[in-house]
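**Student:** Questions regarding the structure given below will be posed in turn.
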2 protein chains.
Amino acid sequence: MPPTRTAVRPSLSRELVADRALEIADTEGLESVTIRRLATELGVTPMALYWHFKTNDDLLDGLADRVLDAVELPERSGEWAADIRAALVALVTAMRPHPQAAHRVAERVMAHPKGLELTEAALSALSAAGFSPEAASYLAMQALRSAVAMVTADQVDDSGQTAEEREAHLRRKQATIASLDPAQYPAVVAHARAMTYCGDPESLFALGVDLFIAGVRGLAEGQRR
Amino acid sequence: MPPTRTAVRPSLSRELVADRALEIADTEGLESVTIRRLATELGVTPMALYWHFKTNDDLLDGLADRVLDAVELPERSGEWAADIRAALVALVTAMRPHPQAAHRVAERVMAHPKGLELTEAALSALSAAGFSPEAASYLAMQALRSAVAMVTADQVDDSGQTAEEREAHLRRKQATIASLDPAQYPAVVAHARAMTYCGDPESLFALGVDLFIAGVRGLAEGQRR
DNA sequence: ACCTGAACACCGTTCAAGT
DNA sequence: ACCTGAACACCGTTCAAGT
(Lines give C-alpha, C1' and ligand atoms only; values in the text may rest on other atoms or scores of the structure.)
Protein backbone atom coordinates (compact mmCIF):
# COMPACT_ATOMS: atom_id res chain seq x y z
CA MET A 1 0.00 0.00 0.00
CA PRO A 2 2.07 2.89 -1.32
CA PRO A 3 -0.04 5.69 0.30
CA THR A 4 1.00 4.60 3.81
CA ARG A 5 4.59 4.23 2.85
CA THR A 6 5.27 7.58 4.45
CA ALA A 7 4.00 6.16 7.74
CA VAL A 8 6.90 3.76 7.74
CA ARG A 9 9.50 6.33 6.87
CA PRO A 10 8.44 9.86 6.05
CA SER A 11 10.46 11.08 3.10
CA LEU A 12 13.40 13.22 3.96
CA SER A 13 13.69 16.96 3.70
CA ARG A 14 16.57 19.33 4.29
CA GLU A 15 14.96 20.62 7.47
CA LEU A 16 14.07 17.20 8.84
CA VAL A 17 17.58 15.90 8.29
CA ALA A 18 19.15 19.05 9.73
CA ASP A 19 16.99 18.84 12.85
CA ARG A 20 18.05 15.26 13.47
CA ALA A 21 21.65 16.33 12.96
CA LEU A 22 21.17 19.12 15.47
CA GLU A 23 19.91 16.64 18.05
CA ILE A 24 23.01 14.54 17.59
CA ALA A 25 25.19 17.62 17.93
CA ASP A 26 23.42 18.64 21.13
CA THR A 27 23.84 15.29 22.83
CA GLU A 28 27.15 14.04 21.46
CA GLY A 29 28.91 16.96 19.88
CA LEU A 30 29.41 18.28 16.38
CA GLU A 31 31.94 15.70 15.31
CA SER A 32 29.42 12.94 15.93
CA VAL A 33 27.37 14.43 13.12
CA THR A 34 28.52 12.28 10.24
CA ILE A 35 26.73 11.45 7.02
CA ARG A 36 26.85 7.75 7.68
CA ARG A 37 25.77 7.93 11.31
CA LEU A 38 22.90 10.24 10.43
CA ALA A 39 21.81 8.00 7.55
CA THR A 40 21.69 4.98 9.85
CA GLU A 41 19.55 6.86 12.36
CA LEU A 42 17.18 7.99 9.63
CA GLY A 43 16.95 4.46 8.24
CA VAL A 44 18.36 5.45 4.93
CA THR A 45 21.42 4.97 2.75
CA PRO A 46 24.30 7.40 3.28
CA MET A 47 23.92 8.47 -0.32
CA ALA A 48 20.31 9.52 0.28
CA LEU A 49 21.59 12.49 2.26
CA TYR A 50 23.64 13.67 -0.67
CA TRP A 51 20.41 14.54 -2.43
CA HIS A 52 19.67 17.13 0.28
CA PHE A 53 23.20 18.23 1.15
CA LYS A 54 26.18 18.65 -1.16
CA THR A 55 28.76 17.64 1.44
CA ASN A 56 29.15 17.02 5.15
CA ASP A 57 30.11 20.68 5.48
CA ASP A 58 26.86 21.67 3.82
CA LEU A 59 25.04 19.48 6.32
CA LEU A 60 26.65 21.33 9.20
CA ASP A 61 25.66 24.62 7.60
CA GLY A 62 22.10 23.35 7.40
CA LEU A 63 22.23 22.43 11.06
CA ALA A 64 23.44 25.90 11.99
CA ASP A 65 20.74 27.49 9.85
CA ARG A 66 18.10 25.69 11.90
CA VAL A 67 19.37 27.48 14.98
CA LEU A 68 19.26 30.84 13.22
CA ASP A 69 15.75 30.08 11.96
CA ALA A 70 14.64 30.19 15.59
CA VAL A 71 16.01 33.69 16.22
CA GLU A 72 13.26 36.08 17.27
CA LEU A 73 14.14 39.47 15.95
CA PRO A 74 14.00 42.29 18.48
CA GLU A 75 12.06 45.43 17.70
CA ARG A 76 14.22 48.54 17.36
CA SER A 77 13.88 51.15 20.07
CA GLY A 78 16.08 53.77 18.48
CA GLU A 79 18.36 53.95 21.50
CA TRP A 80 21.60 52.41 20.31
CA ALA A 81 22.68 50.70 23.51
CA ALA A 82 19.27 49.10 23.98
CA ASP A 83 19.19 48.00 20.34
CA ILE A 84 22.55 46.32 20.31
CA ARG A 85 21.75 44.67 23.61
CA ALA A 86 18.47 43.34 22.21
CA ALA A 87 20.21 41.91 19.16
CA LEU A 88 22.85 40.26 21.33
CA VAL A 89 20.25 38.77 23.65
CA ALA A 90 18.19 37.50 20.72
CA LEU A 91 21.16 35.65 19.27
CA VAL A 92 22.30 34.23 22.57
CA THR A 93 18.79 33.06 23.40
CA ALA A 94 18.56 31.12 20.15
CA MET A 95 22.01 29.58 20.58
CA ARG A 96 21.79 28.65 24.24
CA PRO A 97 20.00 25.33 23.72
CA HIS A 98 22.71 24.35 21.23
CA PRO A 99 26.09 25.26 22.70
CA GLN A 100 27.87 22.58 20.71
CA ALA A 101 26.73 24.17 17.46
CA ALA A 102 27.50 27.75 18.48
CA HIS A 103 30.70 28.14 16.49
CA ARG A 104 29.05 26.91 13.31
CA VAL A 105 26.10 29.20 13.91
CA ALA A 106 28.39 32.20 14.19
CA GLU A 107 29.99 31.33 10.87
CA ARG A 108 26.60 31.23 9.17
CA VAL A 109 25.29 34.55 10.44
CA MET A 110 26.08 36.51 7.29
CA ALA A 111 24.57 33.79 5.10
CA HIS A 112 21.20 33.68 6.85
CA PRO A 113 18.36 36.24 6.68
CA LYS A 114 17.90 36.26 10.46
CA GLY A 115 21.63 36.67 10.92
CA LEU A 116 21.65 39.55 8.47
CA GLU A 117 18.80 41.23 10.34
CA LEU A 118 20.77 40.96 13.57
CA THR A 119 23.88 42.32 11.89
CA GLU A 120 21.87 45.14 10.37
CA ALA A 121 20.57 46.11 13.81
CA ALA A 122 24.03 45.91 15.36
CA LEU A 123 25.75 47.91 12.63
CA SER A 124 23.21 50.68 12.56
CA ALA A 125 23.25 50.91 16.35
CA LEU A 126 27.05 51.11 16.38
CA SER A 127 27.01 53.73 13.64
CA ALA A 128 24.53 55.71 15.68
CA ALA A 129 26.91 55.42 18.62
CA GLY A 130 29.50 57.24 16.55
CA PHE A 131 31.82 54.45 15.44
CA SER A 132 33.54 54.43 12.06
CA PRO A 133 32.54 51.71 9.56
CA GLU A 134 35.74 49.82 10.37
CA ALA A 135 35.22 50.01 14.13
CA ALA A 136 31.51 49.25 13.85
CA SER A 137 32.19 46.19 11.69
CA TYR A 138 34.80 44.92 14.09
CA LEU A 139 32.61 45.48 17.13
CA ALA A 140 29.66 43.76 15.47
CA MET A 141 31.81 40.72 14.80
CA GLN A 142 33.14 40.86 18.31
CA ALA A 143 29.55 40.89 19.58
CA LEU A 144 28.96 37.73 17.58
CA ARG A 145 31.97 36.08 19.14
CA SER A 146 30.96 37.29 22.59
CA ALA A 147 27.64 35.58 22.06
CA VAL A 148 29.42 32.34 21.24
CA ALA A 149 31.56 32.81 24.32
CA MET A 150 28.54 33.30 26.56
CA VAL A 151 26.78 30.27 25.20
CA THR A 152 29.79 28.01 25.57
CA ALA A 153 30.86 29.44 28.91
CA ASP A 154 29.35 26.73 31.10
CA GLN A 155 31.09 23.88 29.38
CA VAL A 156 34.75 24.39 30.01
CA ASP A 157 35.66 23.08 26.63
CA ASP A 158 33.43 22.38 23.69
CA SER A 159 34.97 19.11 22.67
CA GLY A 160 31.90 17.11 21.82
CA GLN A 161 31.07 14.70 24.58
CA THR A 162 27.96 13.47 26.28
CA ALA A 163 26.61 15.41 29.25
CA GLU A 164 27.91 12.84 31.76
CA GLU A 165 31.39 12.86 30.24
CA ARG A 166 31.46 16.62 30.48
CA GLU A 167 30.43 16.59 34.14
CA ALA A 168 33.09 14.07 34.99
CA HIS A 169 35.55 16.22 33.11
CA LEU A 170 34.49 19.23 35.17
CA ARG A 171 35.01 17.35 38.42
CA ARG A 172 38.42 16.20 37.30
CA LYS A 173 39.31 19.73 36.34
CA GLN A 174 38.26 21.17 39.68
CA ALA A 175 40.33 18.55 41.48
CA THR A 176 43.32 19.39 39.32
CA ILE A 177 43.03 23.09 40.01
CA ALA A 178 42.48 22.58 43.72
CA SER A 179 45.63 20.46 43.91
CA LEU A 180 47.86 23.16 42.46
CA ASP A 181 50.52 24.76 44.62
CA PRO A 182 48.79 27.66 46.44
CA ALA A 183 52.14 29.38 46.86
CA GLN A 184 52.60 29.51 43.09
CA TYR A 185 49.00 30.13 42.01
CA PRO A 186 47.18 31.59 45.02
CA ALA A 187 44.37 33.29 43.09
CA VAL A 188 43.77 30.30 40.83
CA VAL A 189 43.51 27.89 43.76
CA ALA A 190 41.25 30.31 45.62
CA HIS A 191 38.98 30.44 42.57
CA ALA A 192 38.91 26.67 41.97
CA ARG A 193 35.24 26.31 42.79
CA ALA A 194 34.11 29.49 41.05
CA MET A 195 36.08 28.55 37.92
CA THR A 196 34.39 25.19 37.49
CA TYR A 197 30.88 25.44 38.90
CA CYS A 198 28.56 28.21 37.89
CA GLY A 199 25.84 28.54 40.47
CA ASP A 200 23.50 30.80 38.57
CA PRO A 201 23.85 30.62 34.78
CA GLU A 202 21.35 33.44 34.32
CA SER A 203 23.41 35.95 36.25
CA LEU A 204 26.58 35.00 34.39
CA PHE A 205 24.73 35.29 31.13
CA ALA A 206 23.63 38.79 32.13
CA LEU A 207 27.20 39.60 33.14
CA GLY A 208 28.44 38.64 29.68
CA VAL A 209 25.94 40.91 27.97
CA ASP A 210 26.68 43.73 30.39
CA LEU A 211 30.40 43.32 29.80
CA PHE A 212 30.04 43.82 26.07
CA ILE A 213 27.65 46.75 26.38
CA ALA A 214 29.85 48.42 28.99
CA GLY A 215 32.84 47.95 26.70
CA VAL A 216 31.12 49.51 23.72
CA ARG A 217 29.86 52.37 25.89
CA GLY A 218 33.34 53.00 27.22
CA LEU A 219 34.83 53.02 23.72
CA ALA A 220 32.07 55.29 22.43
CA GLU A 221 32.81 57.83 25.14
CA GLY A 222 36.50 57.71 24.33
CA GLN A 223 35.63 58.07 20.63
CA ARG A 224 33.70 61.28 20.90
CA ARG A 225 35.90 62.75 23.62
CA MET B 1 77.02 3.36 9.64
CA PRO B 2 74.70 3.60 12.63
CA PRO B 3 76.13 6.88 14.03
CA THR B 4 74.93 8.86 11.00
CA ARG B 5 71.51 7.27 11.05
CA THR B 6 70.19 10.37 12.79
CA ALA B 7 71.35 12.45 9.85
CA VAL B 8 68.86 10.60 7.67
CA ARG B 9 65.97 10.96 10.08
CA PRO B 10 66.50 12.52 13.48
CA SER B 11 64.59 10.52 16.04
CA LEU B 12 61.23 11.92 17.02
CA SER B 13 60.31 13.80 20.15
CA ARG B 14 57.02 15.12 21.43
CA GLU B 15 58.07 18.69 20.73
CA LEU B 16 59.43 17.98 17.26
CA VAL B 17 56.27 16.20 16.23
CA ALA B 18 54.05 18.86 17.75
CA ASP B 19 55.93 21.62 15.95
CA ARG B 20 55.47 19.88 12.60
CA ALA B 21 51.79 19.45 13.44
CA LEU B 22 51.54 23.14 14.24
CA GLU B 23 53.00 24.01 10.84
CA ILE B 24 50.36 21.89 9.14
CA ALA B 25 47.63 23.53 11.21
CA ASP B 26 48.91 26.99 10.30
CA THR B 27 48.93 26.35 6.57
CA GLU B 28 46.03 23.97 6.07
CA GLY B 29 43.92 24.05 9.20
CA LEU B 30 43.53 21.92 12.29
CA GLU B 31 41.60 19.12 10.62
CA SER B 32 44.50 18.50 8.28
CA VAL B 33 46.51 17.48 11.32
CA THR B 34 46.02 13.73 11.19
CA ILE B 35 48.21 11.02 12.59
CA ARG B 36 48.69 9.39 9.21
CA ARG B 37 49.39 12.59 7.32
CA LEU B 38 51.88 13.71 9.95
CA ALA B 39 53.58 10.33 9.96
CA THR B 40 54.02 10.46 6.20
CA GLU B 41 55.59 13.92 6.40
CA LEU B 42 57.93 12.80 9.14
CA GLY B 43 58.94 9.72 7.14
CA VAL B 44 57.67 7.38 9.77
CA THR B 45 54.96 4.80 10.40
CA PRO B 46 51.64 6.12 11.78
CA MET B 47 52.15 3.92 14.80
CA ALA B 48 55.44 5.63 15.61
CA LEU B 49 53.50 8.70 16.70
CA TYR B 50 51.55 6.66 19.21
CA TRP B 51 54.67 6.35 21.23
CA HIS B 52 54.72 10.11 21.78
CA PHE B 53 50.99 10.81 21.84
CA LYS B 54 48.20 8.68 23.27
CA THR B 55 45.63 9.72 20.68
CA ASN B 56 45.03 12.26 17.94
CA ASP B 57 43.40 14.45 20.60
CA ASP B 58 46.55 14.27 22.67
CA LEU B 59 48.51 15.34 19.59
CA LEU B 60 46.33 18.44 19.22
CA ASP B 61 46.87 19.19 22.90
CA GLY B 62 50.60 18.94 22.33
CA LEU B 63 50.32 21.32 19.41
CA ALA B 64 48.43 23.85 21.54
CA ASP B 65 50.98 23.52 24.32
CA ARG B 66 53.70 24.58 21.90
CA VAL B 67 51.85 27.86 21.40
CA LEU B 68 51.53 28.38 25.14
CA ASP B 69 55.21 27.56 25.60
CA ALA B 70 55.95 30.73 23.64
CA VAL B 71 53.94 33.00 25.93
CA GLU B 72 56.11 35.69 27.45
CA LEU B 73 54.77 36.43 30.88
CA PRO B 74 54.18 40.09 31.64
CA GLU B 75 55.59 41.61 34.78
CA ARG B 76 52.97 42.75 37.29
CA SER B 77 52.60 46.47 37.79
CA GLY B 78 50.10 46.34 40.65
CA GLU B 79 47.58 48.47 38.77
CA TRP B 80 44.79 46.03 37.97
CA ALA B 81 43.74 47.42 34.58
CA ALA B 82 47.31 47.47 33.34
CA ASP B 83 47.93 43.96 34.65
CA ILE B 84 44.92 42.37 33.01
CA ARG B 85 45.70 44.20 29.79
CA ALA B 86 49.27 42.91 29.88
CA ALA B 87 48.09 39.33 30.38
CA LEU B 88 45.61 39.65 27.52
CA VAL B 89 48.22 41.11 25.19
CA ALA B 90 50.72 38.40 26.11
CA LEU B 91 48.26 35.65 25.22
CA VAL B 92 47.10 37.28 22.01
CA THR B 93 50.68 37.89 20.91
CA ALA B 94 51.54 34.23 21.32
CA MET B 95 48.39 33.07 19.51
CA ARG B 96 48.44 35.51 16.61
CA PRO B 97 50.83 33.51 14.43
CA HIS B 98 48.57 30.48 14.88
CA PRO B 99 44.96 31.56 14.42
CA GLN B 100 43.87 28.10 13.30
CA ALA B 101 45.01 26.63 16.60
CA ALA B 102 43.54 29.36 18.79
CA HIS B 103 40.50 27.43 20.01
CA ARG B 104 42.61 24.48 21.04
CA VAL B 105 45.05 26.80 22.79
CA ALA B 106 42.25 28.33 24.83
CA GLU B 107 41.13 24.90 25.96
CA ARG B 108 44.62 24.09 27.18
CA VAL B 109 45.21 27.23 29.21
CA MET B 110 44.37 25.71 32.58
CA ALA B 111 46.53 22.66 31.84
CA HIS B 112 49.70 24.59 31.01
CA PRO B 113 52.03 26.43 33.42
CA LYS B 114 52.13 29.54 31.24
CA GLY B 115 48.37 29.49 30.94
CA LEU B 116 48.05 29.19 34.71
CA GLU B 117 50.39 32.14 35.18
CA LEU B 118 48.20 34.23 32.89
CA THR B 119 45.07 33.11 34.70
CA GLU B 120 46.68 33.87 38.03
CA ALA B 121 47.48 37.40 36.88
CA ALA B 122 43.98 37.92 35.49
CA LEU B 123 42.18 36.58 38.55
CA SER B 124 44.21 38.57 41.05
CA ALA B 125 43.77 41.71 38.98
CA LEU B 126 40.02 41.19 38.76
CA SER B 127 39.83 40.52 42.49
CA ALA B 128 41.74 43.73 43.08
CA ALA B 129 39.19 45.47 40.89
CA GLY B 130 36.53 44.41 43.34
CA PHE B 131 34.85 41.52 41.56
CA SER B 132 33.45 38.51 43.40
CA PRO B 133 35.13 35.14 42.81
CA GLU B 134 32.27 34.12 40.51
CA ALA B 135 32.41 37.32 38.48
CA ALA B 136 36.21 37.32 38.38
CA SER B 137 36.27 33.72 37.16
CA TYR B 138 33.72 34.46 34.49
CA LEU B 139 35.50 37.58 33.32
CA ALA B 140 38.84 35.78 33.21
CA MET B 141 37.34 33.12 30.98
CA GLN B 142 35.70 35.78 28.88
CA ALA B 143 39.09 37.44 28.48
CA LEU B 144 40.40 34.14 27.19
CA ARG B 145 37.60 33.90 24.66
CA SER B 146 38.07 37.51 23.69
CA ALA B 147 41.67 36.70 22.94
CA VAL B 148 40.59 33.87 20.66
CA ALA B 149 38.12 36.22 19.00
CA MET B 150 40.79 38.83 18.35
CA VAL B 151 43.18 36.33 16.88
CA THR B 152 40.61 34.78 14.57
CA ALA B 153 39.00 38.10 13.65
CA ASP B 154 40.74 38.51 10.28
CA GLN B 155 39.69 35.18 8.93
CA VAL B 156 35.95 35.33 8.66
CA ASP B 157 35.59 31.71 9.56
CA ASP B 158 38.19 29.34 10.89
CA SER B 159 37.32 26.39 8.75
CA GLY B 160 40.76 25.12 7.92
CA GLN B 161 41.78 26.08 4.43
CA THR B 162 44.89 27.30 2.73
CA ALA B 163 45.59 31.02 2.65
CA GLU B 164 44.55 31.32 -1.00
CA GLU B 165 41.27 29.53 -0.41
CA ARG B 166 40.50 31.87 2.44
CA GLU B 167 41.20 34.96 0.34
CA ALA B 168 38.95 33.71 -2.42
CA HIS B 169 36.33 33.01 0.19
CA LEU B 170 36.65 36.56 1.47
CA ARG B 171 36.18 38.00 -2.01
CA ARG B 172 33.13 35.83 -2.58
CA LYS B 173 31.72 36.95 0.75
CA GLN B 174 32.21 40.62 0.00
CA ALA B 175 30.49 40.18 -3.35
CA THR B 176 27.58 38.41 -1.67
CA ILE B 177 27.16 41.15 0.92
CA ALA B 178 27.47 43.91 -1.67
CA SER B 179 24.74 42.30 -3.75
CA LEU B 180 22.20 42.30 -0.93
CA ASP B 181 19.13 44.48 -1.16
CA PRO B 182 20.14 47.91 0.23
CA ALA B 183 16.52 48.62 1.06
CA GLN B 184 16.38 45.63 3.37
CA TYR B 185 19.91 45.75 4.82
CA PRO B 186 21.17 49.32 4.36
CA ALA B 187 23.78 49.25 7.11
CA VAL B 188 25.10 45.83 6.11
CA VAL B 189 25.52 46.83 2.47
CA ALA B 190 27.14 50.11 3.50
CA HIS B 191 29.62 48.13 5.63
CA ALA B 192 30.40 45.51 2.97
CA ARG B 193 33.98 46.61 2.53
CA ALA B 194 34.68 47.23 6.20
CA MET B 195 33.22 43.84 7.13
CA THR B 196 35.50 41.87 4.83
CA TYR B 197 38.73 43.76 4.50
CA CYS B 198 40.63 44.94 7.51
CA GLY B 199 43.01 47.68 6.50
CA ASP B 200 45.08 47.86 9.65
CA PRO B 201 45.11 44.66 11.73
CA GLU B 202 47.12 46.37 14.47
CA SER B 203 44.48 48.99 15.16
CA LEU B 204 41.70 46.39 15.23
CA PHE B 205 43.79 44.29 17.57
CA ALA B 206 44.15 47.29 19.86
CA LEU B 207 40.42 47.93 19.59
CA GLY B 208 39.67 44.40 20.77
CA VAL B 209 41.88 44.78 23.83
CA ASP B 210 40.45 48.23 24.57
CA LEU B 211 36.92 46.86 24.27
CA PHE B 212 37.54 44.23 26.91
CA ILE B 213 39.31 46.59 29.29
CA ALA B 214 36.63 49.23 28.87
CA GLY B 215 33.98 46.62 29.59
CA VAL B 216 35.67 45.43 32.76
CA ARG B 217 36.22 49.02 33.89
CA GLY B 218 32.56 49.84 33.28
CA LEU B 219 31.42 46.79 35.23
CA ALA B 220 33.84 47.55 38.06
CA GLU B 221 32.42 51.05 38.43
CA GLY B 222 28.88 49.67 38.48
CA GLN B 223 30.01 47.08 41.04
CA ARG B 224 31.29 49.47 43.64
CA ARG B 225 28.65 52.11 43.02
C1' DA C 1 62.85 3.00 24.66
C1' DC C 2 61.31 3.47 20.20
C1' DC C 3 59.44 1.92 15.99
C1' DT C 4 57.17 -1.40 12.29
C1' DG C 5 53.22 -4.25 10.12
C1' DA C 6 48.90 -6.13 9.60
C1' DA C 7 44.24 -5.66 10.65
C1' DC C 8 39.62 -3.55 11.90
C1' DA C 9 36.02 -0.43 12.03
C1' DC C 10 35.04 3.77 10.83
C1' DC C 11 34.63 8.04 7.54
C1' DG C 12 33.39 11.27 3.05
C1' DT C 13 32.57 11.04 -1.58
C1' DT C 14 32.11 9.59 -6.72
C1' DC C 15 29.79 7.12 -10.19
C1' DA C 16 26.33 4.49 -12.12
C1' DA C 17 21.95 2.79 -11.54
C1' DG C 18 17.26 2.13 -10.03
C1' DT C 19 11.98 3.97 -9.46
C1' DA D 1 12.66 13.97 -7.82
C1' DC D 2 14.51 10.96 -4.65
C1' DC D 3 16.99 7.02 -3.28
C1' DT D 4 20.12 2.55 -3.57
C1' DG D 5 24.67 -0.14 -4.24
C1' DA D 6 29.29 -0.85 -5.03
C1' DA D 7 33.69 1.08 -4.85
C1' DC D 8 37.74 4.10 -3.48
C1' DA D 9 40.69 6.61 -0.72
C1' DC D 10 41.05 8.22 3.44
C1' DC D 11 40.97 8.08 8.82
C1' DG D 12 42.04 6.55 14.18
C1' DT D 13 43.28 2.85 16.81
C1' DT D 14 44.46 -2.01 18.72
C1' DC D 15 47.46 -5.80 18.99
C1' DA D 16 51.48 -8.23 18.32
C1' DA D 17 56.01 -7.98 17.04
C1' DG D 18 60.63 -6.35 16.05
C1' DT D 19 65.46 -3.95 17.70
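Residues are referred to by chain and number: the chain letter is A, B, ... according to the order shown in the C-alpha coordinates, the number counts from 1 in that chain, and ligands are numbered separately from 1 in the order shown.
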Compute the set of chain B residues within 9 Å of chain D, using only C-alpha atoms (C1' of nucleotides), and express it as a ChimeraX atom specification.

**Tutor:** /B:34-36,55-56

**Student:** For chain A, work out the contacting residues on chain B at 7 Å, counting only C-alpha atoms, and write them as a PyMOL selection string.

**Tutor:** chain B and resi 107+119-120+123-124+133-134+137+142+145+149+157+185+187-188+191+194-195+211-212+214-216+218-219

**Student:** As a list of chain:residue names, please: the residues near A:Ile24 (cut-off 10 Å, only C-alpha atoms (C1' of nucleotides), same-chain neighbours under 6 positions excluded).

**Tutor:**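 Residues near the query, excluding close chain neighbours: A:Ala18, A:Leu30, A:Glu31, A:Ser32, A:Val33, A:Thr34, A:Arg37, A:Leu38, A:Glu41, A:Gln100.
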
**Student:** Please return, as a CSV table (one decimal) with N, CA and C atoms, in the first residue's frame, all residues of stretch 19-55 of chain A that DSSP assigns to alpha helix (DSSP H) on the basis of the backbone.

**Tutor:**
```csv
chain,number,residue,atom,x,y,z
A,19,ASP,N,17.4,18.9,11.5
A,19,ASP,CA,17.0,18.8,12.9
A,19,ASP,C,17.5,17.6,13.6
A,20,ARG,N,17.5,16.5,12.9
A,20,ARG,CA,18.0,15.3,13.5
A,20,ARG,C,19.5,15.4,13.7
A,21,ALA,N,20.2,16.1,12.8
A,21,ALA,CA,21.6,16.3,13.0
A,21,ALA,C,21.9,17.2,14.2
A,22,LEU,N,21.0,18.2,14.4
A,22,LEU,CA,21.2,19.1,15.5
A,22,LEU,C,21.0,18.4,16.8
A,23,GLU,N,20.1,17.4,16.8
A,23,GLU,CA,19.9,16.6,18.1
A,23,GLU,C,21.2,15.9,18.4
A,24,ILE,N,21.8,15.3,17.4
A,24,ILE,CA,23.0,14.5,17.6
A,24,ILE,C,24.1,15.5,18.1
A,25,ALA,N,24.2,16.6,17.5
A,25,ALA,CA,25.2,17.6,17.9
A,25,ALA,C,25.0,18.0,19.4
A,26,ASP,N,23.7,18.2,19.8
A,26,ASP,CA,23.4,18.6,21.1
A,26,ASP,C,23.8,17.6,22.2
A,27,THR,N,23.6,16.3,21.8
A,27,THR,CA,23.8,15.3,22.8
A,27,THR,C,25.3,14.7,22.8
A,28,GLU,N,25.8,14.7,21.6
A,28,GLU,CA,27.1,14.0,21.5
A,28,GLU,C,28.2,14.9,20.9
A,35,ILE,N,27.7,11.9,8.0
A,35,ILE,CA,26.7,11.5,7.0
A,35,ILE,C,26.3,10.0,7.3
A,36,ARG,N,27.2,9.2,7.5
A,36,ARG,CA,26.9,7.7,7.7
A,36,ARG,C,26.0,7.5,8.9
A,37,ARG,N,26.5,8.1,10.0
A,37,ARG,CA,25.8,7.9,11.3
A,37,ARG,C,24.3,8.4,11.2
A,38,LEU,N,24.2,9.6,10.6
A,38,LEU,CA,22.9,10.2,10.4
A,38,LEU,C,22.0,9.4,9.5
A,39,ALA,N,22.6,8.9,8.5
A,39,ALA,CA,21.8,8.0,7.5
A,39,ALA,C,21.3,6.8,8.3
A,40,THR,N,22.1,6.2,9.1
A,40,THR,CA,21.7,5.0,9.8
A,40,THR,C,20.5,5.3,10.8
A,41,GLU,N,20.6,6.5,11.5
A,41,GLU,CA,19.5,6.9,12.4
A,41,GLU,C,18.3,7.2,11.6
A,46,PRO,N,23.5,6.2,3.2
A,46,PRO,CA,24.3,7.4,3.3
A,46,PRO,C,24.1,8.3,2.1
A,47,MET,N,24.0,7.7,0.9
A,47,MET,CA,23.9,8.5,-0.3
A,47,MET,C,22.6,9.3,-0.4
A,48,ALA,N,21.6,8.8,0.3
A,48,ALA,CA,20.3,9.5,0.3
A,48,ALA,C,20.5,11.0,0.7
A,49,LEU,N,21.4,11.2,1.7
A,49,LEU,CA,21.6,12.5,2.3
A,49,LEU,C,22.2,13.4,1.3
A,50,TYR,N,23.0,12.8,0.3
A,50,TYR,CA,23.6,13.7,-0.7
A,50,TYR,C,22.7,14.3,-1.6
A,51,TRP,N,21.4,13.9,-1.6
A,51,TRP,CA,20.4,14.5,-2.4
A,51,TRP,C,20.1,15.9,-1.8
A,52,HIS,N,20.1,15.9,-0.4
A,52,HIS,CA,19.7,17.1,0.3
A,52,HIS,C,20.8,18.0,0.6
```

**Student:** Please indicate the distance in Å from atom CA of B:Gly78 to atom CA of B:Ala129, rounded to one decimal place.

**Tutor:** 10.9 Å

**Student:** Using atom CA of A:Pro201 and atom CA of B:Leu68 as the two end points, give the distance in Å to one decimal.

**Tutor:**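 These two atoms are separated by 29.4 Å.
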